[in-house]
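Structure file structure12.cif; described as mmCIF, C-alpha atoms.
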```cif
data_input
#
loop_
_atom_site.group_PDB
_atom_site.id
_atom_site.type_symbol
_atom_site.label_atom_id
_atom_site.label_comp_id
_atom_site.auth_asym_id
_atom_site.auth_seq_id
_atom_site.Cartn_x
_atom_site.Cartn_y
_atom_site.Cartn_z
ATOM 1 C CA MET A 1 -7.426 -47.540 -33.467
ATOM 2 C CA THR A 2 -9.717 -44.812 -34.772
ATOM 3 C CA GLY A 3 -12.710 -47.049 -34.041
ATOM 4 C CA ILE A 4 -11.682 -47.320 -30.395
ATOM 5 C CA SER A 5 -11.065 -43.571 -30.230
ATOM 6 C CA ALA A 6 -14.494 -42.841 -31.646
ATOM 7 C CA LEU A 7 -16.083 -45.319 -29.240
ATOM 8 C CA LEU A 8 -14.331 -43.689 -26.266
ATOM 9 C CA ARG A 9 -15.389 -40.211 -27.380
ATOM 10 C CA ARG A 10 -18.976 -41.286 -28.001
ATOM 11 C CA HIS A 11 -19.297 -42.944 -24.587
ATOM 12 C CA ARG A 12 -17.032 -40.595 -22.624
ATOM 13 C CA HIS A 13 -19.697 -39.522 -20.111
ATOM 14 C CA THR A 14 -20.799 -43.093 -19.397
ATOM 15 C CA LEU A 15 -17.214 -44.333 -19.110
ATOM 16 C CA LEU A 16 -16.295 -41.535 -16.693
ATOM 17 C CA LYS A 17 -19.419 -42.229 -14.658
ATOM 18 C CA THR A 18 -18.557 -45.945 -14.595
ATOM 19 C CA LEU A 19 -15.011 -45.201 -13.437
ATOM 20 C CA SER A 20 -16.341 -42.833 -10.783
ATOM 21 C CA TYR A 21 -18.763 -45.470 -9.514
ATOM 22 C CA TYR A 22 -16.028 -48.133 -9.503
ATOM 23 C CA CYS A 23 -13.803 -45.881 -7.364
ATOM 24 C CA LEU A 24 -16.691 -45.165 -5.002
ATOM 25 C CA HIS A 25 -17.516 -48.874 -4.766
ATOM 26 C CA ILE A 26 -13.920 -49.824 -3.988
ATOM 27 C CA THR A 27 -13.586 -47.056 -1.375
ATOM 28 C CA VAL A 28 -16.765 -48.077 0.427
ATOM 29 C CA ALA A 29 -15.835 -51.756 0.213
ATOM 30 C CA ILE A 30 -12.380 -51.086 1.690
ATOM 31 C CA ALA A 31 -13.882 -49.063 4.537
ATOM 32 C CA VAL A 32 -16.458 -51.742 5.355
ATOM 33 C CA ALA A 33 -13.917 -54.562 5.117
ATOM 34 C CA TYR A 34 -11.528 -52.631 7.369
ATOM 35 C CA VAL A 35 -14.248 -52.094 9.985
ATOM 36 C CA VAL A 36 -15.022 -55.824 9.902
ATOM 37 C CA THR A 37 -11.432 -57.129 9.829
ATOM 38 C CA GLY A 38 -9.366 -54.334 11.398
ATOM 39 C CA ASN A 39 -6.659 -55.067 8.826
ATOM 40 C CA TRP A 40 -5.928 -52.727 5.876
ATOM 41 C CA TRP A 41 -4.183 -55.395 3.785
ATOM 42 C CA VAL A 42 -7.084 -57.834 4.114
ATOM 43 C CA ALA A 43 -9.588 -55.014 3.523
ATOM 44 C CA MET A 44 -7.899 -53.916 0.285
ATOM 45 C CA THR A 45 -7.432 -57.481 -0.958
ATOM 46 C CA LEU A 46 -11.072 -58.399 -0.352
ATOM 47 C CA SER A 47 -12.287 -55.125 -1.823
ATOM 48 C CA LEU A 48 -10.391 -55.636 -5.070
ATOM 49 C CA LEU A 49 -11.120 -59.354 -5.259
ATOM 50 C CA GLU A 50 -14.885 -59.069 -4.739
ATOM 51 C CA PRO A 51 -15.663 -56.857 -7.781
ATOM 52 C CA THR A 52 -13.507 -59.077 -9.998
ATOM 53 C CA VAL A 53 -15.294 -62.249 -8.899
ATOM 54 C CA GLN A 54 -18.634 -60.444 -9.126
ATOM 55 C CA MET A 55 -17.842 -59.379 -12.704
ATOM 56 C CA LEU A 56 -17.148 -62.985 -13.704
ATOM 57 C CA PHE A 57 -20.366 -64.205 -12.135
ATOM 58 C CA PHE A 58 -22.298 -61.365 -13.783
ATOM 59 C CA PHE A 59 -20.931 -62.503 -17.153
ATOM 60 C CA LEU A 60 -22.061 -66.074 -16.463
ATOM 61 C CA HIS A 61 -25.429 -64.800 -15.227
ATOM 62 C CA GLU A 62 -25.916 -62.847 -18.467
ATOM 63 C CA LYS A 63 -25.013 -65.891 -20.563
ATOM 64 C CA LEU A 64 -27.540 -68.049 -18.691
ATOM 65 C CA TRP A 65 -30.262 -65.420 -19.157
ATOM 66 C CA ASP A 66 -29.418 -65.133 -22.865
ATOM 67 C CA ARG A 67 -29.677 -68.898 -23.264
ATOM 68 C CA LYS A 68 -32.984 -68.985 -21.373
ATOM 69 C CA ASN A 69 -34.333 -66.133 -23.516
ATOM 70 C CA LYS A 70 -33.339 -67.917 -26.737
ATOM 71 C CA GLU A 71 -35.065 -71.097 -25.524
ATOM 72 C CA HIS A 72 -38.186 -69.107 -24.675
ATOM 73 C CA VAL A 73 -38.235 -67.426 -28.093
ATOM 74 C CA ALA A 74 -37.695 -70.783 -29.843
ATOM 75 C CA GLN A 75 -40.606 -72.345 -27.921
ATOM 76 C CA ALA A 76 -42.876 -69.392 -28.655
ATOM 77 C CA THR A 77 -42.187 -69.492 -32.407
ATOM 78 C CA PRO A 78 -44.659 -71.846 -34.119
ATOM 79 C CA LEU A 79 -43.202 -74.351 -36.538
ATOM 80 C CA ASN A 80 -44.612 -74.306 -40.087
#
```
Can you turn what I pasted into structure tokens?
Amino acid sequence: MTGISALLRRHRHTLLKTLSYYCLHITVAIAVAYVVTGNWWVAMTLSLLEPTVQMLFFFLHEKLWDRKNKEHVAQATPLN
């Protein structure tokens, strides 16, 4: 647990900034979705669902880029 505590302390500013941005993102998304749909329930559902789906696709995107980078490095390295 002390490792997690130290990590949280070390990255406190970045974590607070991330949380702040997440709240801002959700608030704006809810407002936009409400304007489009006219329904608070739908607006909140879409606004919470979208970042979750986006996070999963970002993870997959990163994995694909990592794989592509490893292939590029392997091709660039001459064999002896």
**Interatomic distance, atom CA of Leu19 of chain A to atom CA of His61 of chain A (Å, one decimal)** =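 About the pair atom CA of Leu19 of chain A and atom CA of His61 of chain A: they are 22.3 Å apart.
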**Point-to-point distance from atom CA of Lys70 of chain A to atom CA of Gln54 of chain A, Å rounded to tenths** =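 Computed distance, atom CA of Lys70 of chain A to atom CA of Gln54 of chain A, equals 24.1 Å.
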**Request:** Rank nothing, just name the residue among A:Leu24, A:Trp65, A:Leu60, A:Gln75 nearest to Ser47 of chain A, using only C-alpha atoms.
**Result:** A:Leu24
**Item:** Atomic distance atom CA of Leu8 of chain A - atom CA of Ser20 of chain A, expressed in Å with one decimal
**Value:**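 Here the two named atoms are 15.6 Å from each other.
Shell of Met44 of chain A at 12 Å, with all atoms listed in the file counted and residues fewer than 4 places along the chain excluded, is His25, Ile26, Thr27, Val28, Ala29, Ile30, Ala31, Val32, Ala33, Tyr34, Val35, Thr37, Gly38, Asn39, Trp40, Leu48, Leu49, Glu50 and Pro51 of chain A.
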Keeping only C-alpha atoms, write those residues as a PDB file, keeping the file's coordinate frame.
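So again.pdb came out as:
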```
ATOM      1  CA  HIS A  25     -17.516 -48.874  -4.766  1.00  0.00           C
ATOM      2  CA  ILE A  26     -13.920 -49.824  -3.988  1.00  0.00           C
ATOM      3  CA  THR A  27     -13.586 -47.056  -1.375  1.00  0.00           C
ATOM      4  CA  VAL A  28     -16.765 -48.077   0.427  1.00  0.00           C
ATOM      5  CA  ALA A  29     -15.835 -51.756   0.213  1.00  0.00           C
ATOM      6  CA  ILE A  30     -12.380 -51.086   1.690  1.00  0.00           C
ATOM      7  CA  ALA A  31     -13.882 -49.063   4.537  1.00  0.00           C
ATOM      8  CA  VAL A  32     -16.458 -51.742   5.355  1.00  0.00           C
ATOM      9  CA  ALA A  33     -13.917 -54.562   5.117  1.00  0.00           C
ATOM     10  CA  TYR A  34     -11.528 -52.631   7.369  1.00  0.00           C
ATOM     11  CA  VAL A  35     -14.248 -52.094   9.985  1.00  0.00           C
ATOM     12  CA  THR A  37     -11.432 -57.129   9.829  1.00  0.00           C
ATOM     13  CA  GLY A  38      -9.366 -54.334  11.398  1.00  0.00           C
ATOM     14  CA  ASN A  39      -6.659 -55.067   8.826  1.00  0.00           C
ATOM     15  CA  TRP A  40      -5.928 -52.727   5.876  1.00  0.00           C
ATOM     16  CA  LEU A  48     -10.391 -55.636  -5.070  1.00  0.00           C
ATOM     17  CA  LEU A  49     -11.120 -59.354  -5.259  1.00  0.00           C
ATOM     18  CA  GLU A  50     -14.885 -59.069  -4.739  1.00  0.00           C
ATOM     19  CA  PRO A  51     -15.663 -56.857  -7.781  1.00  0.00           C
TER      20      PRO A  51
END
```
Can you take the partial segment 47-70 of chain A, add N, CA, C and O atoms, and return it as an mmCIF file, in the frame of the given file?
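As a result, part_35.cif now contains:
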```
data_model
loop_
_atom_site.group_PDB
_atom_site.id
_atom_site.type_symbol
_atom_site.label_atom_id
_atom_site.label_comp_id
_atom_site.auth_asym_id
_atom_site.auth_seq_id
_atom_site.Cartn_x
_atom_site.Cartn_y
_atom_site.Cartn_z
ATOM 1 N N SER A 47 -11.559 -56.150 -1.075
ATOM 2 C CA SER A 47 -12.287 -55.125 -1.823
ATOM 3 C C SER A 47 -11.935 -55.110 -3.299
ATOM 4 O O SER A 47 -12.749 -54.691 -4.124
ATOM 5 N N LEU A 48 -10.757 -55.533 -3.656
ATOM 6 C CA LEU A 48 -10.391 -55.636 -5.070
ATOM 7 C C LEU A 48 -10.777 -56.992 -5.649
ATOM 8 O O LEU A 48 -11.111 -57.100 -6.827
ATOM 9 N N LEU A 49 -10.762 -58.011 -4.805
ATOM 10 C CA LEU A 49 -11.120 -59.354 -5.259
ATOM 11 C C LEU A 49 -12.619 -59.473 -5.522
ATOM 12 O O LEU A 49 -13.038 -60.030 -6.540
ATOM 13 N N GLU A 50 -13.423 -58.928 -4.636
ATOM 14 C CA GLU A 50 -14.885 -59.069 -4.739
ATOM 15 C C GLU A 50 -15.437 -58.545 -6.061
ATOM 16 O O GLU A 50 -16.192 -59.252 -6.729
ATOM 17 N N PRO A 51 -15.098 -57.322 -6.506
ATOM 18 C CA PRO A 51 -15.663 -56.857 -7.781
ATOM 19 C C PRO A 51 -15.214 -57.704 -8.971
ATOM 20 O O PRO A 51 -15.969 -57.886 -9.928
ATOM 21 N N THR A 52 -14.002 -58.236 -8.911
ATOM 22 C CA THR A 52 -13.507 -59.077 -9.998
ATOM 23 C C THR A 52 -14.303 -60.373 -10.080
ATOM 24 O O THR A 52 -14.756 -60.776 -11.159
ATOM 25 N N VAL A 53 -14.507 -61.016 -8.931
ATOM 26 C CA VAL A 53 -15.294 -62.249 -8.899
ATOM 27 C C VAL A 53 -16.732 -61.944 -9.299
ATOM 28 O O VAL A 53 -17.350 -62.682 -10.069
ATOM 29 N N GLN A 54 -17.265 -60.836 -8.794
ATOM 30 C CA GLN A 54 -18.634 -60.444 -9.126
ATOM 31 C C GLN A 54 -18.794 -60.217 -10.631
ATOM 32 O O GLN A 54 -19.806 -60.609 -11.221
ATOM 33 N N MET A 55 -17.799 -59.619 -11.260
ATOM 34 C CA MET A 55 -17.842 -59.379 -12.704
ATOM 35 C C MET A 55 -17.911 -60.706 -13.460
ATOM 36 O O MET A 55 -18.683 -60.847 -14.414
ATOM 37 N N LEU A 56 -17.131 -61.687 -13.038
ATOM 38 C CA LEU A 56 -17.148 -62.985 -13.704
ATOM 39 C C LEU A 56 -18.505 -63.666 -13.549
ATOM 40 O O LEU A 56 -19.042 -64.217 -14.511
ATOM 41 N N PHE A 57 -19.061 -63.599 -12.347
ATOM 42 C CA PHE A 57 -20.366 -64.205 -12.135
ATOM 43 C C PHE A 57 -21.461 -63.452 -12.874
ATOM 44 O O PHE A 57 -22.429 -64.046 -13.351
ATOM 45 N N PHE A 58 -21.329 -62.130 -13.005
ATOM 46 C CA PHE A 58 -22.298 -61.365 -13.783
ATOM 47 C C PHE A 58 -22.271 -61.818 -15.241
ATOM 48 O O PHE A 58 -23.317 -61.999 -15.870
ATOM 49 N N PHE A 59 -21.076 -62.033 -15.779
ATOM 50 C CA PHE A 59 -20.931 -62.503 -17.153
ATOM 51 C C PHE A 59 -21.643 -63.847 -17.327
ATOM 52 O O PHE A 59 -22.419 -64.041 -18.272
ATOM 53 N N LEU A 60 -21.406 -64.768 -16.389
ATOM 54 C CA LEU A 60 -22.061 -66.074 -16.463
ATOM 55 C C LEU A 60 -23.585 -65.930 -16.316
ATOM 56 O O LEU A 60 -24.346 -66.596 -17.025
ATOM 57 N N HIS A 61 -24.011 -65.071 -15.437
ATOM 58 C CA HIS A 61 -25.429 -64.800 -15.227
ATOM 59 C C HIS A 61 -26.072 -64.310 -16.525
ATOM 60 O O HIS A 61 -27.151 -64.760 -16.918
ATOM 61 N N GLU A 62 -25.403 -63.370 -17.198
ATOM 62 C CA GLU A 62 -25.916 -62.847 -18.467
ATOM 63 C C GLU A 62 -26.015 -63.950 -19.519
ATOM 64 O O GLU A 62 -26.987 -64.017 -20.272
ATOM 65 N N LYS A 63 -25.008 -64.801 -19.584
ATOM 66 C CA LYS A 63 -25.013 -65.891 -20.563
ATOM 67 C C LYS A 63 -26.169 -66.850 -20.295
ATOM 68 O O LYS A 63 -26.835 -67.311 -21.231
ATOM 69 N N LEU A 64 -26.420 -67.168 -19.026
ATOM 70 C CA LEU A 64 -27.540 -68.049 -18.691
ATOM 71 C C LEU A 64 -28.874 -67.412 -19.065
ATOM 72 O O LEU A 64 -29.757 -68.083 -19.604
ATOM 73 N N TRP A 65 -29.025 -66.119 -18.797
ATOM 74 C CA TRP A 65 -30.262 -65.420 -19.157
ATOM 75 C C TRP A 65 -30.426 -65.368 -20.675
ATOM 76 O O TRP A 65 -31.535 -65.524 -21.188
ATOM 77 N N ASP A 66 -29.343 -65.144 -21.400
ATOM 78 C CA ASP A 66 -29.418 -65.133 -22.865
ATOM 79 C C ASP A 66 -29.872 -66.493 -23.388
ATOM 80 O O ASP A 66 -30.717 -66.582 -24.278
ATOM 81 N N ARG A 67 -29.304 -67.552 -22.834
ATOM 82 C CA ARG A 67 -29.677 -68.898 -23.264
ATOM 83 C C ARG A 67 -31.153 -69.160 -22.964
ATOM 84 O O ARG A 67 -31.882 -69.675 -23.804
ATOM 85 N N LYS A 68 -31.583 -68.788 -21.758
ATOM 86 C CA LYS A 68 -32.984 -68.985 -21.373
ATOM 87 C C LYS A 68 -33.911 -68.188 -22.294
ATOM 88 O O LYS A 68 -34.959 -68.685 -22.711
ATOM 89 N N ASN A 69 -33.524 -66.962 -22.625
ATOM 90 C CA ASN A 69 -34.333 -66.133 -23.516
ATOM 91 C C ASN A 69 -34.427 -66.758 -24.909
ATOM 92 O O ASN A 69 -35.501 -66.770 -25.513
ATOM 93 N N LYS A 70 -33.324 -67.282 -25.410
ATOM 94 C CA LYS A 70 -33.339 -67.917 -26.737
ATOM 95 C C LYS A 70 -34.231 -69.153 -26.736
ATOM 96 O O LYS A 70 -34.948 -69.410 -27.692
#
```
